[in-house]
$ cat entry35.txt   # compact mmCIF, N, CA and C atoms
# COMPACT_ATOMS: atom_id res chain seq x y z
N THR A 1 0.84 -1.19 0.00
CA THR A 1 0.00 0.00 0.00
C THR A 1 0.87 1.25 0.00
N ALA A 2 0.28 2.34 -0.42
CA ALA A 2 1.03 3.60 -0.52
C ALA A 2 1.41 4.12 0.86
N LEU A 3 0.57 3.89 1.84
CA LEU A 3 0.86 4.38 3.19
C LEU A 3 2.07 3.67 3.79
N ALA A 4 2.22 2.40 3.50
CA ALA A 4 3.36 1.65 4.02
C ALA A 4 4.66 2.12 3.38
N TYR A 5 4.58 2.57 2.13
CA TYR A 5 5.77 3.04 1.43
C TYR A 5 6.03 4.53 1.62
N ALA A 6 5.26 5.17 2.48
CA ALA A 6 5.45 6.61 2.72
C ALA A 6 6.87 6.87 3.21
N ARG A 7 7.50 7.87 2.63
CA ARG A 7 8.89 8.19 2.97
C ARG A 7 8.94 9.22 4.09
N VAL A 8 9.75 8.93 5.08
CA VAL A 8 9.95 9.82 6.23
C VAL A 8 11.29 10.52 6.04
N TRP A 9 11.38 11.76 6.51
CA TRP A 9 12.63 12.52 6.45
C TRP A 9 13.34 12.40 7.79
N HIS A 10 14.62 11.97 7.75
CA HIS A 10 15.43 11.83 8.96
C HIS A 10 16.52 12.90 8.95
N LEU A 11 16.77 13.48 10.11
CA LEU A 11 17.85 14.45 10.26
C LEU A 11 19.00 13.80 11.03
N VAL A 12 20.21 13.88 10.46
CA VAL A 12 21.40 13.28 11.07
C VAL A 12 22.41 14.39 11.33
N ASP A 13 22.85 14.49 12.58
CA ASP A 13 23.91 15.44 12.93
C ASP A 13 25.22 14.67 12.96
N ALA A 14 26.14 15.02 12.05
CA ALA A 14 27.38 14.27 11.90
C ALA A 14 28.50 14.81 12.79
N ARG A 15 28.24 15.83 13.58
CA ARG A 15 29.29 16.43 14.41
C ARG A 15 29.84 15.41 15.39
N GLY A 16 31.14 15.11 15.27
CA GLY A 16 31.81 14.20 16.19
C GLY A 16 31.53 12.73 15.96
N GLN A 17 30.73 12.36 14.95
CA GLN A 17 30.41 10.97 14.69
C GLN A 17 31.53 10.33 13.87
N VAL A 18 31.73 9.04 14.07
CA VAL A 18 32.74 8.29 13.31
C VAL A 18 32.15 7.96 11.94
N LEU A 19 32.92 8.20 10.89
CA LEU A 19 32.44 8.11 9.51
C LEU A 19 31.83 6.75 9.17
N GLY A 20 32.52 5.67 9.43
CA GLY A 20 32.04 4.36 9.03
C GLY A 20 30.79 3.92 9.76
N ARG A 21 30.75 4.14 11.04
CA ARG A 21 29.59 3.72 11.83
C ARG A 21 28.36 4.54 11.47
N LEU A 22 28.55 5.81 11.21
CA LEU A 22 27.44 6.65 10.79
C LEU A 22 26.97 6.25 9.39
N GLY A 23 27.91 5.94 8.51
CA GLY A 23 27.58 5.56 7.15
C GLY A 23 26.74 4.32 7.06
N THR A 24 27.01 3.33 7.90
CA THR A 24 26.23 2.09 7.86
C THR A 24 24.78 2.35 8.26
N GLN A 25 24.56 3.19 9.26
CA GLN A 25 23.19 3.47 9.68
C GLN A 25 22.44 4.30 8.65
N ILE A 26 23.14 5.23 7.99
CA ILE A 26 22.51 6.01 6.92
C ILE A 26 22.14 5.10 5.77
N ALA A 27 23.02 4.17 5.40
CA ALA A 27 22.76 3.24 4.30
C ALA A 27 21.54 2.37 4.61
N GLN A 28 21.42 1.91 5.83
CA GLN A 28 20.27 1.08 6.19
C GLN A 28 18.97 1.88 6.12
N THR A 29 19.02 3.15 6.50
CA THR A 29 17.83 3.99 6.42
C THR A 29 17.45 4.26 4.96
N LEU A 30 18.45 4.49 4.10
CA LEU A 30 18.17 4.73 2.68
C LEU A 30 17.58 3.49 2.01
N MET A 31 18.00 2.30 2.46
CA MET A 31 17.48 1.06 1.88
C MET A 31 16.10 0.70 2.43
N GLY A 32 15.77 1.18 3.63
CA GLY A 32 14.49 0.86 4.25
C GLY A 32 14.53 -0.38 5.11
N LYS A 33 15.72 -0.79 5.53
CA LYS A 33 15.84 -2.01 6.34
C LYS A 33 15.20 -1.87 7.72
N HIS A 34 14.93 -0.65 8.15
CA HIS A 34 14.32 -0.43 9.45
C HIS A 34 12.80 -0.60 9.41
N LYS A 35 12.24 -0.83 8.21
CA LYS A 35 10.79 -0.96 8.06
C LYS A 35 10.40 -2.44 7.98
N PRO A 36 9.24 -2.79 8.49
CA PRO A 36 8.81 -4.20 8.42
C PRO A 36 8.46 -4.66 7.01
N ILE A 37 8.27 -3.74 6.07
CA ILE A 37 7.92 -4.11 4.70
C ILE A 37 9.14 -4.18 3.80
N TYR A 38 10.34 -4.22 4.37
CA TYR A 38 11.58 -4.20 3.58
C TYR A 38 11.61 -5.36 2.58
N ASP A 39 11.98 -5.02 1.35
CA ASP A 39 12.16 -6.01 0.30
C ASP A 39 13.39 -5.55 -0.50
N PRO A 40 14.39 -6.41 -0.68
CA PRO A 40 15.61 -5.98 -1.37
C PRO A 40 15.38 -5.48 -2.80
N SER A 41 14.30 -5.96 -3.44
CA SER A 41 14.07 -5.57 -4.84
C SER A 41 13.20 -4.33 -4.99
N SER A 42 12.64 -3.82 -3.90
CA SER A 42 11.82 -2.61 -3.99
C SER A 42 12.50 -1.48 -3.24
N ASP A 43 12.19 -0.28 -3.67
CA ASP A 43 12.80 0.90 -3.07
C ASP A 43 11.84 1.47 -2.03
N CYS A 44 12.03 1.13 -0.76
CA CYS A 44 11.11 1.57 0.29
C CYS A 44 11.82 2.41 1.35
N GLY A 45 13.01 2.93 1.05
CA GLY A 45 13.78 3.69 2.02
C GLY A 45 13.28 5.11 2.23
N ASP A 46 13.89 5.80 3.16
CA ASP A 46 13.50 7.15 3.54
C ASP A 46 14.52 8.17 3.06
N TYR A 47 14.17 9.44 3.23
CA TYR A 47 15.10 10.54 2.95
C TYR A 47 16.00 10.74 4.17
N VAL A 48 17.26 11.11 3.94
CA VAL A 48 18.19 11.40 5.03
C VAL A 48 18.86 12.73 4.75
N VAL A 49 18.80 13.64 5.72
CA VAL A 49 19.46 14.94 5.63
C VAL A 49 20.58 14.94 6.66
N VAL A 50 21.82 15.11 6.19
CA VAL A 50 22.99 15.10 7.07
C VAL A 50 23.48 16.54 7.22
N ILE A 51 23.60 17.00 8.46
CA ILE A 51 24.14 18.33 8.72
C ILE A 51 25.49 18.20 9.43
N ASN A 52 26.26 19.27 9.43
CA ASN A 52 27.59 19.34 10.06
C ASN A 52 28.54 18.28 9.50
N ALA A 53 28.50 18.10 8.18
CA ALA A 53 29.37 17.11 7.54
C ALA A 53 30.84 17.50 7.65
N LYS A 54 31.10 18.78 7.82
CA LYS A 54 32.48 19.25 7.94
C LYS A 54 33.15 18.77 9.22
N HIS A 55 32.34 18.41 10.20
CA HIS A 55 32.87 18.06 11.52
C HIS A 55 32.83 16.56 11.80
N ILE A 56 32.86 15.74 10.76
CA ILE A 56 32.83 14.29 10.95
C ILE A 56 34.21 13.82 11.43
N ALA A 57 34.23 12.75 12.19
CA ALA A 57 35.49 12.26 12.77
C ALA A 57 35.86 10.92 12.13
N VAL A 58 37.14 10.63 12.16
CA VAL A 58 37.64 9.32 11.76
C VAL A 58 38.59 8.84 12.85
N THR A 59 38.75 7.54 12.95
CA THR A 59 39.60 6.98 13.99
C THR A 59 41.00 6.74 13.46
N GLY A 60 41.92 6.55 14.36
CA GLY A 60 43.30 6.24 13.98
C GLY A 60 43.95 7.39 13.24
N ARG A 61 44.80 7.05 12.26
CA ARG A 61 45.52 8.07 11.50
C ARG A 61 44.91 8.28 10.11
N LYS A 62 43.62 7.93 9.97
CA LYS A 62 42.97 8.05 8.67
C LYS A 62 42.92 9.49 8.17
N ARG A 63 42.88 10.43 9.08
CA ARG A 63 42.82 11.84 8.68
C ARG A 63 43.99 12.21 7.77
N GLU A 64 45.18 11.68 8.04
CA GLU A 64 46.35 11.99 7.21
C GLU A 64 46.58 10.93 6.14
N GLN A 65 46.18 9.67 6.40
CA GLN A 65 46.58 8.57 5.53
C GLN A 65 45.54 8.13 4.52
N LYS A 66 44.26 8.34 4.78
CA LYS A 66 43.22 7.84 3.87
C LYS A 66 43.24 8.62 2.57
N LEU A 67 43.23 7.90 1.45
CA LEU A 67 43.27 8.52 0.14
C LEU A 67 41.99 8.22 -0.63
N TYR A 68 41.51 9.22 -1.34
CA TYR A 68 40.39 9.05 -2.26
C TYR A 68 40.95 9.20 -3.67
N ARG A 69 40.68 8.21 -4.52
CA ARG A 69 41.24 8.21 -5.87
C ARG A 69 40.12 8.31 -6.90
N HIS A 70 40.42 8.99 -8.00
CA HIS A 70 39.55 8.98 -9.17
C HIS A 70 40.41 9.12 -10.41
N HIS A 71 39.87 8.73 -11.54
CA HIS A 71 40.62 8.76 -12.78
C HIS A 71 39.96 9.73 -13.74
N THR A 72 40.77 10.52 -14.45
CA THR A 72 40.27 11.51 -15.38
C THR A 72 39.97 10.92 -16.76
N ARG A 73 40.27 9.63 -16.94
CA ARG A 73 40.10 8.89 -18.20
C ARG A 73 41.09 9.34 -19.28
N PHE A 74 42.11 10.05 -18.88
CA PHE A 74 43.23 10.35 -19.76
C PHE A 74 44.40 9.48 -19.32
N PRO A 75 45.33 9.17 -20.22
CA PRO A 75 46.48 8.36 -19.82
C PRO A 75 47.26 9.01 -18.69
N GLY A 76 47.53 8.26 -17.64
CA GLY A 76 48.25 8.79 -16.48
C GLY A 76 47.41 9.72 -15.64
N GLY A 77 46.10 9.62 -15.72
CA GLY A 77 45.22 10.58 -15.07
C GLY A 77 44.66 10.13 -13.73
N LEU A 78 45.40 9.29 -13.00
CA LEU A 78 44.93 8.87 -11.67
C LEU A 78 45.22 9.98 -10.68
N LYS A 79 44.17 10.51 -10.05
CA LYS A 79 44.30 11.62 -9.09
C LYS A 79 44.04 11.09 -7.69
N GLU A 80 44.78 11.59 -6.73
CA GLU A 80 44.61 11.22 -5.33
C GLU A 80 44.42 12.48 -4.49
N ILE A 81 43.58 12.36 -3.48
CA ILE A 81 43.39 13.46 -2.54
C ILE A 81 43.22 12.85 -1.16
N THR A 82 43.82 13.46 -0.15
CA THR A 82 43.75 12.92 1.21
C THR A 82 42.42 13.31 1.86
N PHE A 83 42.10 12.64 2.95
CA PHE A 83 40.87 12.92 3.69
C PHE A 83 40.83 14.38 4.12
N ASP A 84 41.95 14.88 4.66
CA ASP A 84 42.01 16.26 5.14
C ASP A 84 41.69 17.27 4.03
N ARG A 85 42.33 17.10 2.88
CA ARG A 85 42.13 18.04 1.76
C ARG A 85 40.71 17.96 1.22
N LEU A 86 40.15 16.74 1.13
CA LEU A 86 38.79 16.58 0.62
C LEU A 86 37.78 17.16 1.60
N GLN A 87 38.07 17.07 2.89
CA GLN A 87 37.17 17.64 3.88
C GLN A 87 37.13 19.16 3.76
N GLU A 88 38.26 19.78 3.47
CA GLU A 88 38.29 21.23 3.27
C GLU A 88 37.57 21.61 1.98
N LYS A 89 37.80 20.82 0.93
CA LYS A 89 37.28 21.14 -0.39
C LYS A 89 35.78 20.88 -0.50
N ASP A 90 35.35 19.66 -0.16
CA ASP A 90 33.93 19.28 -0.26
C ASP A 90 33.65 18.18 0.76
N ALA A 91 33.19 18.57 1.94
CA ALA A 91 32.99 17.62 3.03
C ALA A 91 31.87 16.62 2.72
N GLY A 92 30.92 16.99 1.90
CA GLY A 92 29.82 16.09 1.58
C GLY A 92 30.24 14.88 0.77
N LYS A 93 31.28 15.02 -0.04
CA LYS A 93 31.75 13.91 -0.87
C LYS A 93 32.24 12.75 -0.02
N ILE A 94 32.80 13.05 1.14
CA ILE A 94 33.33 12.00 2.02
C ILE A 94 32.19 11.09 2.49
N ILE A 95 31.12 11.68 2.98
CA ILE A 95 29.99 10.89 3.46
C ILE A 95 29.30 10.20 2.29
N GLU A 96 29.17 10.90 1.17
CA GLU A 96 28.51 10.32 0.01
C GLU A 96 29.26 9.08 -0.50
N LYS A 97 30.58 9.15 -0.57
CA LYS A 97 31.36 8.00 -1.03
C LYS A 97 31.29 6.85 -0.03
N ALA A 98 31.28 7.15 1.26
CA ALA A 98 31.20 6.11 2.28
C ALA A 98 29.85 5.39 2.21
N VAL A 99 28.77 6.15 2.12
CA VAL A 99 27.43 5.55 2.08
C VAL A 99 27.23 4.81 0.77
N SER A 100 27.70 5.36 -0.33
CA SER A 100 27.56 4.71 -1.64
C SER A 100 28.26 3.36 -1.66
N GLY A 101 29.40 3.26 -1.00
CA GLY A 101 30.11 1.99 -0.93
C GLY A 101 29.41 0.96 -0.07
N MET A 102 28.51 1.40 0.80
CA MET A 102 27.80 0.49 1.69
C MET A 102 26.45 0.05 1.14
N LEU A 103 26.01 0.66 0.05
CA LEU A 103 24.75 0.27 -0.57
C LEU A 103 24.99 -0.87 -1.56
N PRO A 104 23.97 -1.69 -1.81
CA PRO A 104 24.13 -2.76 -2.80
C PRO A 104 24.41 -2.19 -4.18
N LYS A 105 25.26 -2.87 -4.93
CA LYS A 105 25.64 -2.39 -6.26
C LYS A 105 24.61 -2.90 -7.28
N ASN A 106 23.48 -2.18 -7.38
CA ASN A 106 22.44 -2.55 -8.33
C ASN A 106 21.76 -1.29 -8.88
N ARG A 107 20.66 -1.45 -9.57
CA ARG A 107 20.00 -0.32 -10.22
C ARG A 107 19.41 0.68 -9.24
N LEU A 108 19.15 0.25 -8.03
CA LEU A 108 18.54 1.13 -7.04
C LEU A 108 19.55 2.02 -6.33
N ARG A 109 20.82 1.77 -6.54
CA ARG A 109 21.86 2.50 -5.81
C ARG A 109 21.79 4.01 -6.06
N ASN A 110 21.73 4.43 -7.33
CA ASN A 110 21.69 5.85 -7.64
C ASN A 110 20.41 6.51 -7.16
N VAL A 111 19.30 5.80 -7.21
CA VAL A 111 18.03 6.33 -6.73
C VAL A 111 18.09 6.57 -5.23
N ARG A 112 18.73 5.66 -4.51
CA ARG A 112 18.85 5.80 -3.06
C ARG A 112 19.80 6.93 -2.69
N ILE A 113 20.89 7.08 -3.43
CA ILE A 113 21.85 8.15 -3.15
C ILE A 113 21.22 9.52 -3.39
N GLU A 114 20.28 9.61 -4.33
CA GLU A 114 19.60 10.89 -4.58
C GLU A 114 18.78 11.34 -3.38
N ARG A 115 18.36 10.41 -2.53
CA ARG A 115 17.59 10.77 -1.34
C ARG A 115 18.47 11.17 -0.16
N LEU A 116 19.78 11.19 -0.36
CA LEU A 116 20.72 11.61 0.68
C LEU A 116 21.13 13.05 0.41
N MET A 117 20.80 13.95 1.33
CA MET A 117 21.17 15.35 1.21
C MET A 117 22.20 15.67 2.28
N ILE A 118 23.35 16.22 1.87
CA ILE A 118 24.45 16.46 2.80
C ILE A 118 24.79 17.94 2.79
N PHE A 119 24.91 18.52 4.00
CA PHE A 119 25.23 19.93 4.15
C PHE A 119 26.42 20.08 5.09
N PRO A 120 27.37 20.96 4.75
CA PRO A 120 28.59 21.09 5.56
C PRO A 120 28.34 21.70 6.94
N GLU A 121 27.35 22.55 7.07
CA GLU A 121 27.05 23.17 8.36
C GLU A 121 25.62 22.83 8.77
N ALA A 122 25.10 23.50 9.81
CA ALA A 122 23.80 23.16 10.38
C ALA A 122 22.62 23.70 9.57
N GLU A 123 22.84 24.67 8.68
CA GLU A 123 21.73 25.24 7.93
C GLU A 123 21.37 24.33 6.75
N HIS A 124 20.05 24.12 6.55
CA HIS A 124 19.58 23.35 5.40
C HIS A 124 18.15 23.78 5.07
N PRO A 125 17.73 23.61 3.81
CA PRO A 125 16.40 24.09 3.39
C PRO A 125 15.25 23.12 3.66
N TYR A 126 15.50 22.01 4.33
CA TYR A 126 14.46 20.99 4.52
C TYR A 126 13.90 20.96 5.94
N VAL A 127 13.91 22.10 6.61
CA VAL A 127 13.47 22.14 8.01
C VAL A 127 12.01 21.71 8.16
N GLU A 128 11.16 22.11 7.22
CA GLU A 128 9.73 21.78 7.32
C GLU A 128 9.46 20.30 7.07
N ASN A 129 10.35 19.61 6.34
CA ASN A 129 10.12 18.22 5.98
C ASN A 129 10.53 17.23 7.05
N ILE A 130 11.42 17.64 7.97
CA ILE A 130 11.99 16.70 8.94
C ILE A 130 10.90 16.19 9.88
N ILE A 131 10.77 14.87 9.93
CA ILE A 131 9.81 14.25 10.84
C ILE A 131 10.53 13.58 12.00
N LYS A 132 11.65 12.92 11.70
CA LYS A 132 12.41 12.21 12.74
C LYS A 132 13.79 12.80 12.86
N ARG A 133 14.16 13.10 14.09
CA ARG A 133 15.55 13.48 14.35
C ARG A 133 16.28 12.18 14.61
N TYR A 134 17.39 11.99 13.95
CA TYR A 134 18.13 10.74 14.00
C TYR A 134 18.61 10.49 15.41
N ASP A 135 18.11 9.44 16.04
CA ASP A 135 18.51 9.08 17.40
C ASP A 135 19.68 8.12 17.31
N THR A 136 20.86 8.63 17.47
CA THR A 136 22.04 7.80 17.28
C THR A 136 22.47 7.16 18.59
N LYS A 137 22.84 5.91 18.50
CA LYS A 137 23.33 5.18 19.67
C LYS A 137 24.86 5.12 19.68
N ILE A 138 25.47 5.81 18.72
CA ILE A 138 26.92 5.77 18.58
C ILE A 138 27.54 6.80 19.53
N PRO A 139 28.50 6.41 20.36
CA PRO A 139 29.12 7.39 21.24
C PRO A 139 29.95 8.40 20.44
N LEU A 140 29.90 9.63 20.89
CA LEU A 140 30.65 10.69 20.21
C LEU A 140 32.13 10.54 20.46
N VAL A 141 32.94 10.95 19.50
CA VAL A 141 34.40 10.97 19.67
C VAL A 141 34.71 12.25 20.42
N THR A 142 35.24 12.14 21.62
CA THR A 142 35.49 13.32 22.44
C THR A 142 36.91 13.83 22.29
N GLN A 143 37.84 12.96 21.99
CA GLN A 143 39.23 13.41 21.89
C GLN A 143 39.50 13.91 20.49
N SER A 144 40.32 14.92 20.41
CA SER A 144 40.72 15.47 19.12
C SER A 144 41.91 14.67 18.61
N ILE A 145 41.79 14.16 17.39
CA ILE A 145 42.86 13.36 16.81
C ILE A 145 43.72 14.30 15.96
N GLU A 146 44.91 14.59 16.41
CA GLU A 146 45.77 15.53 15.70
C GLU A 146 47.18 15.01 15.60
$ encode --input "entry35.txt" --output "structure tokens"
Amino acid sequence: TALAYARVWHLVDARGQVLGRLGTQIAQTLMGKHKPIYDPSSDCGDYVVVINAKHIAVTGRKREQKLYRHHTRFPGGLKEITFDRLQEKDAGKIIEKAVSGMLPKNRLRNVRIERLMIFPEAEHPYVENIIKRYDTKIPLVTQSIE
């Protein structure tokens, strides 16, 4: 029924959250695994709005060592950028790549990623749509990793 497939808007505050643990929960919400009507072949997930993406945390020495690679499709065009530099340049790409890697690699992947809205700070245009504030059970990272 249409009511069962109704999409809810979730608000996620990424400030101080660990990237991987937050990404898995966002991916499950986008897929709809939290709903009793979940079916892997149907798209029954919800919308997710992530705020404070600039302030996401990583454990260990990933801040200096983690590399994101892409290819320009020209010979010798493999480009690398570190986590730190990508966070300064476009903090949303970090969460988007993490969540995209956690979704199943099928036709629904791009449709689900379109329902993920990421903002570097706390301001976002979807204030009226938010129904659920993301209740995270993940402990915050309190120490500064430098």
$ residues_around --input "entry35.txt" --residues "Glu80 (chain A)" --least-positions-apart "4" --cutoff "8 Å" --atoms "only C-alpha atoms" --output "ChimeraX atom specification"
/A:67-70
$ residues_around --input "entry35.txt" --residues "Ile37 (chain A)" --least-positions-apart "5" --cutoff "12 Å" --atoms "only C-alpha atoms" --output "PyMOL selection string"
chain A and resi 1-6+31-32+42-45
$ closest_residue --input "entry35.txt" --among "A:Pro120, A:Lys62, A:Ile113, A:Leu86" --to "Gly101 (chain A)" --atoms "only C-alpha atoms"
A:Ile113
$ select_by_dssp --input "entry35.txt" --residues "chain A" --states "strand (DSSP E)" --output "PDB file with N, CA and C atoms, in the frame of the given file"
ATOM      1  N   TRP A   9      11.380  11.760   6.510  1.00  0.00           N
ATOM      2  CA  TRP A   9      12.630  12.520   6.450  1.00  0.00           C
ATOM      3  C   TRP A   9      13.340  12.400   7.790  1.00  0.00           C
ATOM      4  N   HIS A  10      14.620  11.970   7.750  1.00  0.00           N
ATOM      5  CA  HIS A  10      15.430  11.830   8.960  1.00  0.00           C
ATOM      6  C   HIS A  10      16.520  12.900   8.950  1.00  0.00           C
ATOM      7  N   LEU A  11      16.770  13.480  10.110  1.00  0.00           N
ATOM      8  CA  LEU A  11      17.850  14.450  10.260  1.00  0.00           C
ATOM      9  C   LEU A  11      19.000  13.800  11.030  1.00  0.00           C
ATOM     10  N   VAL A  12      20.210  13.880  10.460  1.00  0.00           N
ATOM     11  CA  VAL A  12      21.400  13.280  11.070  1.00  0.00           C
ATOM     12  C   VAL A  12      22.410  14.390  11.330  1.00  0.00           C
ATOM     13  N   ASP A  13      22.850  14.490  12.580  1.00  0.00           N
ATOM     14  CA  ASP A  13      23.910  15.440  12.930  1.00  0.00           C
ATOM     15  C   ASP A  13      25.220  14.670  12.960  1.00  0.00           C
ATOM     16  N   TYR A  47      14.170   9.440   3.230  1.00  0.00           N
ATOM     17  CA  TYR A  47      15.100  10.540   2.950  1.00  0.00           C
ATOM     18  C   TYR A  47      16.000  10.740   4.170  1.00  0.00           C
ATOM     19  N   VAL A  48      17.260  11.110   3.940  1.00  0.00           N
ATOM     20  CA  VAL A  48      18.190  11.400   5.030  1.00  0.00           C
ATOM     21  C   VAL A  48      18.860  12.730   4.750  1.00  0.00           C
ATOM     22  N   VAL A  49      18.800  13.640   5.720  1.00  0.00           N
ATOM     23  CA  VAL A  49      19.460  14.940   5.630  1.00  0.00           C
ATOM     24  C   VAL A  49      20.580  14.940   6.660  1.00  0.00           C
ATOM     25  N   VAL A  50      21.820  15.110   6.190  1.00  0.00           N
ATOM     26  CA  VAL A  50      22.990  15.100   7.070  1.00  0.00           C
ATOM     27  C   VAL A  50      23.480  16.540   7.220  1.00  0.00           C
ATOM     28  N   ILE A  51      23.600  17.000   8.460  1.00  0.00           N
ATOM     29  CA  ILE A  51      24.140  18.330   8.720  1.00  0.00           C
ATOM     30  C   ILE A  51      25.490  18.200   9.430  1.00  0.00           C
ATOM     31  N   LEU A  67      43.230   7.900   1.450  1.00  0.00           N
ATOM     32  CA  LEU A  67      43.270   8.520   0.140  1.00  0.00           C
ATOM     33  C   LEU A  67      41.990   8.220  -0.630  1.00  0.00           C
ATOM     34  N   TYR A  68      41.510   9.220  -1.340  1.00  0.00           N
ATOM     35  CA  TYR A  68      40.390   9.050  -2.260  1.00  0.00           C
ATOM     36  C   TYR A  68      40.950   9.200  -3.670  1.00  0.00           C
ATOM     37  N   ARG A  69      40.680   8.210  -4.520  1.00  0.00           N
ATOM     38  CA  ARG A  69      41.240   8.210  -5.870  1.00  0.00           C
ATOM     39  C   ARG A  69      40.120   8.310  -6.900  1.00  0.00           C
ATOM     40  N   HIS A  70      40.420   8.990  -8.000  1.00  0.00           N
ATOM     41  CA  HIS A  70      39.550   8.980  -9.170  1.00  0.00           C
ATOM     42  C   HIS A  70      40.410   9.120 -10.410  1.00  0.00           C
ATOM     43  N   HIS A  71      39.870   8.730 -11.540  1.00  0.00           N
ATOM     44  CA  HIS A  71      40.620   8.760 -12.780  1.00  0.00           C
ATOM     45  C   HIS A  71      39.960   9.730 -13.740  1.00  0.00           C
ATOM     46  N   LEU A  78      45.400   9.290 -13.000  1.00  0.00           N
ATOM     47  CA  LEU A  78      44.930   8.870 -11.670  1.00  0.00           C
ATOM     48  C   LEU A  78      45.220   9.980 -10.680  1.00  0.00           C
ATOM     49  N   LYS A  79      44.170  10.510 -10.050  1.00  0.00           N
ATOM     50  CA  LYS A  79      44.300  11.620  -9.090  1.00  0.00           C
ATOM     51  C   LYS A  79      44.040  11.090  -7.690  1.00  0.00           C
ATOM     52  N   GLU A  80      44.780  11.590  -6.730  1.00  0.00           N
ATOM     53  CA  GLU A  80      44.610  11.220  -5.330  1.00  0.00           C
ATOM     54  C   GLU A  80      44.420  12.480  -4.490  1.00  0.00           C
ATOM     55  N   ILE A  81      43.580  12.360  -3.480  1.00  0.00           N
ATOM     56  CA  ILE A  81      43.390  13.460  -2.540  1.00  0.00           C
ATOM     57  C   ILE A  81      43.220  12.850  -1.160  1.00  0.00           C
ATOM     58  N   THR A  82      43.820  13.460  -0.150  1.00  0.00           N
ATOM     59  CA  THR A  82      43.750  12.920   1.210  1.00  0.00           C
ATOM     60  C   THR A  82      42.420  13.310   1.860  1.00  0.00           C
ATOM     61  N   LEU A 116      19.780  11.190  -0.360  1.00  0.00           N
ATOM     62  CA  LEU A 116      20.720  11.610   0.680  1.00  0.00           C
ATOM     63  C   LEU A 116      21.130  13.050   0.410  1.00  0.00           C
ATOM     64  N   MET A 117      20.800  13.950   1.330  1.00  0.00           N
ATOM     65  CA  MET A 117      21.170  15.350   1.210  1.00  0.00           C
ATOM     66  C   MET A 117      22.200  15.670   2.280  1.00  0.00           C
ATOM     67  N   ILE A 118      23.350  16.220   1.870  1.00  0.00           N
ATOM     68  CA  ILE A 118      24.450  16.460   2.800  1.00  0.00           C
ATOM     69  C   ILE A 118      24.790  17.940   2.790  1.00  0.00           C
ATOM     70  N   LYS A 132      11.650  12.920  11.700  1.00  0.00           N
ATOM     71  CA  LYS A 132      12.410  12.210  12.740  1.00  0.00           C
ATOM     72  C   LYS A 132      13.790  12.800  12.860  1.00  0.00           C
ATOM     73  N   ARG A 133      14.160  13.100  14.090  1.00  0.00           N
ATOM     74  CA  ARG A 133      15.550  13.480  14.350  1.00  0.00           C
ATOM     75  C   ARG A 133      16.280  12.180  14.610  1.00  0.00           C
TER      76      ARG A 133
END
$ residues_around --input "entry35.txt" --residues "Leu116 (chain A)" --least-positions-apart "4" --cutoff "6 Å" --atoms "all atoms listed in the file" --output "PDB file with N, CA and C atoms, in the coordinates of the input"
ATOM      1  N   TYR A  47      14.170   9.440   3.230  1.00  0.00           N
ATOM      2  CA  TYR A  47      15.100  10.540   2.950  1.00  0.00           C
ATOM      3  C   TYR A  47      16.000  10.740   4.170  1.00  0.00           C
ATOM      4  N   VAL A  48      17.260  11.110   3.940  1.00  0.00           N
ATOM      5  CA  VAL A  48      18.190  11.400   5.030  1.00  0.00           C
ATOM      6  C   VAL A  48      18.860  12.730   4.750  1.00  0.00           C
ATOM      7  N   VAL A  49      18.800  13.640   5.720  1.00  0.00           N
ATOM      8  CA  VAL A  49      19.460  14.940   5.630  1.00  0.00           C
ATOM      9  C   VAL A  49      20.580  14.940   6.660  1.00  0.00           C
ATOM     10  N   ARG A 112      18.730   5.660  -4.510  1.00  0.00           N
ATOM     11  CA  ARG A 112      18.850   5.800  -3.060  1.00  0.00           C
ATOM     12  C   ARG A 112      19.800   6.930  -2.690  1.00  0.00           C
TER      13      ARG A 112
END
$ select_by_dssp --input "entry35.txt" --residues "region 18-146 of chain A" --states "alpha helix (DSSP H)" --output "ChimeraX atom specification"
/A:19-31,62-65,83-89,91-102,109-114
$ closest_residue --input "entry35.txt" --among "A:Val99, A:His124, A:Asp46, A:Arg109" --to "Arg7 (chain A)" --atoms "all atoms listed in the file"
A:Asp46
$ atom_distance --input "entry35.txt" --atom1 "CA of Lys97 (chain A)" --atom2 "atom N of Pro36 (chain A)"
26.4 Å
$ atom_distance --input "entry35.txt" --atom1 "CA of Gln17 (chain A)" --atom2 "CA of Glu88 (chain A)"
17.3 Å
$ atom_distance --input "entry35.txt" --atom1 "CA of Ala14 (chain A)" --atom2 "CA of Ala57 (chain A)"
8.4 Å
$ decode --input "entry35.txt" --residues "region 44-63 of chain A" --atoms "C-alpha atoms" --output "tab-separated table (two decimals), in the first residue's frame"
chain	number	residue	atom	x	y	z
A	44	CYS	CA	11.11	1.57	0.29
A	45	GLY	CA	13.78	3.69	2.02
A	46	ASP	CA	13.50	7.15	3.54
A	47	TYR	CA	15.10	10.54	2.95
A	48	VAL	CA	18.19	11.40	5.03
A	49	VAL	CA	19.46	14.94	5.63
A	50	VAL	CA	22.99	15.10	7.07
A	51	ILE	CA	24.14	18.33	8.72
A	52	ASN	CA	27.59	19.34	10.06
A	53	ALA	CA	29.37	17.11	7.54
A	54	LYS	CA	32.48	19.25	7.94
A	55	HIS	CA	32.87	18.06	11.52
A	56	ILE	CA	32.83	14.29	10.95
A	57	ALA	CA	35.49	12.26	12.77
A	58	VAL	CA	37.64	9.32	11.76
A	59	THR	CA	39.60	6.98	13.99
A	60	GLY	CA	43.30	6.24	13.98
A	61	ARG	CA	45.52	8.07	11.50
A	62	LYS	CA	42.97	8.05	8.67
A	63	ARG	CA	42.82	11.84	8.68
